[in-house]
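The file my_file-v9.pdb contains PDB, C-alpha atoms:
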ATOM      1  CA  MET A   1       1.193 -43.770 -12.582
ATOM      2  CA  ILE A   2       3.222 -40.575 -12.520
ATOM      3  CA  THR A   3       2.400 -38.727  -9.323
ATOM      4  CA  SER A   4       5.130 -36.128  -9.162
ATOM      5  CA  TRP A   5       7.778 -34.333 -11.132
ATOM      6  CA  VAL A   6      10.430 -36.606  -9.618
ATOM      7  CA  ASP A   7       8.475 -39.709 -10.751
ATOM      8  CA  ALA A   8       8.333 -38.228 -14.237
ATOM      9  CA  ARG A   9      12.062 -37.561 -14.215
ATOM     10  CA  HIS A  10      12.774 -41.150 -13.138
ATOM     11  CA  GLU A  11      10.513 -42.450 -15.903
ATOM     12  CA  GLY A  12      12.616 -40.738 -18.572
ATOM     13  CA  TYR A  13      10.776 -37.440 -19.024
ATOM     14  CA  GLU A  14      12.967 -34.393 -19.436
ATOM     15  CA  GLY A  15      12.091 -31.335 -17.359
ATOM     16  CA  TRP A  16       8.528 -30.589 -16.328
ATOM     17  CA  PHE A  17       5.815 -32.729 -17.852
ATOM     18  CA  ASP A  18       2.389 -31.774 -19.201
ATOM     19  CA  MET A  19      -0.586 -32.584 -17.009
ATOM     20  CA  ARG A  20      -2.806 -34.243 -19.619
ATOM     21  CA  CYS A  21      -6.435 -35.215 -19.263
ATOM     22  CA  PRO A  22      -6.564 -39.015 -18.913
ATOM     23  CA  PHE A  23      -9.741 -39.091 -21.068
ATOM     24  CA  CYS A  24      -8.969 -36.895 -24.102
ATOM     25  CA  ARG A  25      -5.189 -36.261 -23.583
ATOM     26  CA  HIS A  26      -5.712 -32.470 -23.783
ATOM     27  CA  SER A  27      -2.952 -30.597 -21.930
ATOM     28  CA  ASP A  28      -5.036 -27.722 -20.541
ATOM     29  CA  SER A  29      -6.890 -28.190 -17.260
ATOM     30  CA  ARG A  30      -7.829 -26.021 -14.326
ATOM     31  CA  VAL A  31      -7.614 -26.867 -10.647
ATOM     32  CA  VAL A  32     -11.049 -27.107  -9.045
ATOM     33  CA  ASP A  33      -9.933 -28.106  -5.536
ATOM     34  CA  SER A  34      -6.624 -28.710  -3.696
ATOM     35  CA  ARG A  35      -6.111 -30.485  -0.400
ATOM     36  CA  GLU A  36      -3.034 -31.279   1.604
ATOM     37  CA  VAL A  37      -2.646 -34.877   2.711
ATOM     38  CA  ASP A  38      -0.082 -36.596   4.948
ATOM     39  CA  GLU A  39       0.856 -33.487   6.939
ATOM     40  CA  GLY A  40       1.361 -31.383   3.822
ATOM     41  CA  GLN A  41       3.756 -33.790   2.111
ATOM     42  CA  VAL A  42       1.173 -34.691  -0.544
ATOM     43  CA  ILE A  43      -1.243 -32.440  -2.430
ATOM     44  CA  ARG A  44      -4.379 -33.921  -3.960
ATOM     45  CA  ARG A  45      -5.783 -31.777  -6.768
ATOM     46  CA  ARG A  46      -9.167 -32.140  -8.436
ATOM     47  CA  ARG A  47      -8.926 -30.880 -12.029
ATOM     48  CA  SER A  48     -11.335 -30.127 -14.834
ATOM     49  CA  CYS A  49     -10.306 -30.584 -18.472
ATOM     50  CA  ALA A  50     -10.727 -27.446 -20.607
ATOM     51  CA  LYS A  51     -11.603 -29.505 -23.694
ATOM     52  CA  CYS A  52     -13.904 -32.377 -22.576
ATOM     53  CA  SER A  53     -14.930 -30.890 -19.172
ATOM     54  CA  ARG A  54     -14.391 -34.220 -17.409
ATOM     55  CA  ARG A  55     -12.852 -34.184 -13.958
ATOM     56  CA  PHE A  56      -9.851 -36.121 -12.747
ATOM     57  CA  THR A  57      -7.575 -36.202  -9.722
ATOM     58  CA  THR A  58      -3.827 -35.739  -9.568
ATOM     59  CA  VAL A  59      -1.563 -36.422  -6.630
ATOM     60  CA  GLU A  60       1.601 -34.394  -6.193
ATOM     61  CA  GLU A  61       4.183 -35.582  -3.733
ATOM     62  CA  ALA A  62       7.078 -33.554  -2.385
ATOM     63  CA  VAL A  63       9.932 -35.990  -2.895
ATOM     64  CA  LEU A  64      13.130 -35.196  -1.044
ATOM     65  CA  ALA A  65      16.264 -36.377  -2.826
ATOM     66  CA  VAL A  66      19.651 -37.068  -1.246
ATOM     67  CA  VAL A  67      22.777 -36.448  -3.315
ATOM     68  CA  LYS A  68      25.495 -38.886  -2.331
ATOM     69  CA  ARG A  69      29.225 -38.145  -2.534
ATOM     70  CA  SER A  70      29.438 -40.109  -5.780
ATOM     71  CA  GLY A  71      26.865 -37.776  -7.344
ATOM     72  CA  VAL A  72      24.119 -40.412  -7.354
ATOM     73  CA  THR A  73      20.716 -39.090  -6.290
ATOM     74  CA  GLU A  74      18.244 -41.234  -4.374
ATOM     75  CA  PRO A  75      15.036 -40.547  -2.455
ATOM     76  CA  PHE A  76      15.406 -39.726   1.242
ATOM     77  CA  SER A  77      14.696 -42.786   3.373
ATOM     78  CA  ARG A  78      13.724 -42.509   7.003
ATOM     79  CA  GLU A  79      14.452 -46.239   7.299
ATOM     80  CA  LYS A  80      18.086 -45.671   6.259
ATOM     81  CA  VAL A  81      18.401 -43.095   9.037
ATOM     82  CA  VAL A  82      16.954 -45.581  11.548
ATOM     83  CA  THR A  83      19.292 -48.348  10.344
ATOM     84  CA  GLY A  84      22.394 -46.181  10.696
ATOM     85  CA  VAL A  85      21.416 -44.880  14.109
ATOM     86  CA  ARG A  86      20.379 -48.373  15.279
ATOM     87  CA  ARG A  87      23.952 -49.556  14.635
ATOM     88  CA  ALA A  88      25.321 -46.726  16.766
ATOM     89  CA  CYS A  89      22.793 -47.565  19.517
ATOM     90  CA  GLN A  90      23.591 -51.275  19.582
ATOM     91  CA  GLY A  91      23.739 -52.440  23.194
ATOM     92  CA  ARG A  92      22.404 -49.095  24.454
ATOM     93  CA  PRO A  93      19.061 -48.585  26.245
ATOM     94  CA  VAL A  94      17.331 -47.029  23.219
ATOM     95  CA  ASP A  95      13.964 -48.364  22.072
ATOM     96  CA  GLU A  96      12.539 -48.548  18.553
ATOM     97  CA  ASP A  97      10.047 -45.722  19.169
ATOM     98  CA  ALA A  98      12.892 -43.367  20.051
ATOM     99  CA  LEU A  99      14.677 -44.304  16.811
ATOM    100  CA  GLN A 100      11.529 -43.645  14.775
ATOM    101  CA  GLN A 101      11.025 -40.278  16.488
ATOM    102  CA  LEU A 102      14.654 -39.348  15.810
ATOM    103  CA  ALA A 103      14.249 -40.230  12.125
ATOM    104  CA  GLN A 104      11.090 -38.096  11.962
ATOM    105  CA  ARG A 105      12.930 -35.156  13.546
ATOM    106  CA  VAL A 106      15.739 -35.537  11.017
ATOM    107  CA  GLU A 107      13.292 -35.621   8.101
ATOM    108  CA  ASP A 108      11.404 -32.602   9.444
ATOM    109  CA  ALA A 109      14.649 -30.652   9.835
ATOM    110  CA  ILE A 110      15.754 -31.483   6.302
ATOM    111  CA  ARG A 111      12.366 -30.679   4.754
ATOM    112  CA  SER A 112      12.245 -27.368   6.635
ATOM    113  CA  THR A 113      15.209 -26.178   4.562
ATOM    114  CA  GLY A 114      12.897 -26.122   1.555
ATOM    115  CA  ALA A 115      15.490 -27.752  -0.697
ATOM    116  CA  ALA A 116      14.374 -30.512  -3.056
ATOM    117  CA  GLU A 117      17.837 -32.067  -3.052
ATOM    118  CA  ILE A 118      20.172 -32.238  -0.104
ATOM    119  CA  PRO A 119      23.752 -33.537   0.125
ATOM    120  CA  SER A 120      24.158 -36.729   2.183
ATOM    121  CA  HIS A 121      26.583 -34.802   4.394
ATOM    122  CA  GLU A 122      23.669 -32.592   5.518
ATOM    123  CA  VAL A 123      21.643 -35.665   6.482
ATOM    124  CA  GLY A 124      24.486 -36.776   8.734
ATOM    125  CA  LEU A 125      24.675 -33.345  10.348
ATOM    126  CA  ALA A 126      20.908 -33.413  10.924
ATOM    127  CA  ILE A 127      21.271 -36.759  12.727
ATOM    128  CA  LEU A 128      24.001 -35.641  15.125
ATOM    129  CA  GLY A 129      21.956 -33.166  17.209
ATOM    130  CA  PRO A 130      18.966 -35.405  17.998
ATOM    131  CA  LEU A 131      21.262 -38.401  18.536
ATOM    132  CA  ARG A 132      23.336 -36.469  21.066
ATOM    133  CA  GLU A 133      20.128 -35.745  23.003
ATOM    134  CA  LEU A 134      19.046 -39.373  22.762
ATOM    135  CA  ASP A 135      22.227 -41.144  23.856
ATOM    136  CA  GLU A 136      25.706 -39.680  24.233
ATOM    137  CA  VAL A 137      27.551 -42.970  23.707
ATOM    138  CA  ALA A 138      25.612 -43.683  20.510
ATOM    139  CA  TYR A 139      26.338 -40.106  19.450
ATOM    140  CA  LEU A 140      30.095 -40.647  19.906
ATOM    141  CA  ARG A 141      29.929 -43.908  17.953
ATOM    142  CA  PHE A 142      28.023 -42.288  15.089
ATOM    143  CA  ALA A 143      30.190 -39.156  15.088
ATOM    144  CA  SER A 144      33.389 -41.210  15.067
ATOM    145  CA  VAL A 145      32.340 -42.919  11.850
ATOM    146  CA  TYR A 146      30.580 -39.941  10.289
ATOM    147  CA  ARG A 147      33.414 -37.516  10.977
ATOM    148  CA  SER A 148      36.133 -40.144  10.392
ATOM    149  CA  PHE A 149      37.863 -39.881  13.764
ATOM    150  CA  SER A 150      41.458 -40.987  13.324
ATOM    151  CA  SER A 151      42.917 -40.579  16.802
ATOM    152  CA  ILE A 152      42.175 -40.512  20.498
ATOM    153  CA  GLU A 153      42.479 -36.716  20.327
ATOM    154  CA  ASP A 154      39.441 -36.616  18.028
ATOM    155  CA  PHE A 155      37.424 -38.496  20.660
ATOM    156  CA  GLU A 156      38.770 -36.276  23.441
ATOM    157  CA  LYS A 157      37.761 -33.101  21.583
ATOM    158  CA  GLU A 158      34.265 -34.467  20.979
ATOM    159  CA  ILE A 159      33.886 -35.530  24.618
ATOM    160  CA  ALA A 160      35.060 -32.079  25.756
ATOM    161  CA  GLY A 161      32.395 -30.545  23.504
ATOM    162  CA  LEU A 162      29.762 -32.837  25.029
ATOM    163  CA  ARG A 163      30.834 -31.830  28.547
ATOM    164  CA  GLU A 164      30.600 -28.130  27.621
ATOM    165  CA  ALA A 165      27.110 -28.632  26.200
ATOM    166  CA  ILE A 166      26.008 -30.460  29.360
ATOM    167  CA  ALA A 167      27.445 -27.665  31.533
ATOM    168  CA  ARG A 168      25.623 -24.986  29.474
ATOM    169  CA  LYS A 169      22.393 -26.928  29.731
ATOM    170  CA  ALA A 170      22.800 -27.275  33.522
ATOM    171  CA  GLU A 171      23.406 -23.501  33.838
ATOM    172  CA  GLN A 172      20.224 -22.755  31.887
ATOM    173  CA  GLU A 173      18.139 -24.912  34.223
TER     174      GLU A 173
END

As structure tokens - that is how I would like this structure written.
Amino acid sequence: MITSWVDARHEGYEGWFDMRCPFCRHSDSRVVDSREVDEGQVIRRRRSCAKCSRRFTTVEEAVLAVVKRSGVTEPFSREKVVTGVRRACQGRPVDEDALQQLAQRVEDAIRSTGAAEIPSHEVGLAILGPLRELDEVAYLRFASVYRSFSSIEDFEKEIAGLREAIARKAEQE
């Protein structure tokens, strides 16, 4: 079942697709009712066919796509965020709930941009802030891989930035 434009694109359709009545295949219908589901990420629409007058339901999902460096596009995966952050948190006192909350914050931040496609680099940037708040050691581990640290000086600069942020936060309190 095609539930969104992205599904249609992945199924070989070019561009936008016609919303056809499942009973008579007529392409003209009007929306009778719309409701947001799943915190606004899904819209359920009740439609009425202009030709046969039968009603049917469509489900439209806002699919967020990530464009990788290679140019390949794939759907955003909260689980991939959790997996990457879990590696950085290995051996640290971080529980699974905190990882899930971090992934939700990252997804919310990315969706708030309003873009349908986002470069993978932006996903990494969206992870850094919440991870720094969660665990500074895990943050340094993740940042060292994400930003390709190549020397001790890279670590020292990042640690100095962390110390400055902690000092600013202490002044504000």

Next item on the list: May I have the residues within 12 Å of Glu122 (chain A) as number ranges by chain, using all atoms listed in the file and disregarding those fewer than 3 positions away in the same chain?
Entry: A: 65-69, 76, 106-107, 109-111, 113, 115, 117-119, 125-129, 146

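The residue set within 6 Å of region 19-35 of chain A, counting all atoms listed in the file and dropping same-chain residues fewer than 3 places from it, reads Ile43, Arg44, Arg45, Arg46, Arg47, Ser48, Cys49 and Ala50 of chain A.
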
Item checked: Separation of CA of Gln104 (chain A) from CA of Ile159 (chain A), in Å and rounded to one decimal -> 26.2 Å

Item checked: Residues selected by the PyMOL selection byres ((chain A and resi 140) around 12), written as number ranges by chain -> A: 85, 88-89, 128-129, 131-139, 141-149, 154-162

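The space separating CA of Gln41 (chain A) from CA of Glu61 (chain A) comes to 6.1 Å.
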
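One finds CA of Arg78 (chain A) at 17.2 Å from CA of Val94 (chain A).
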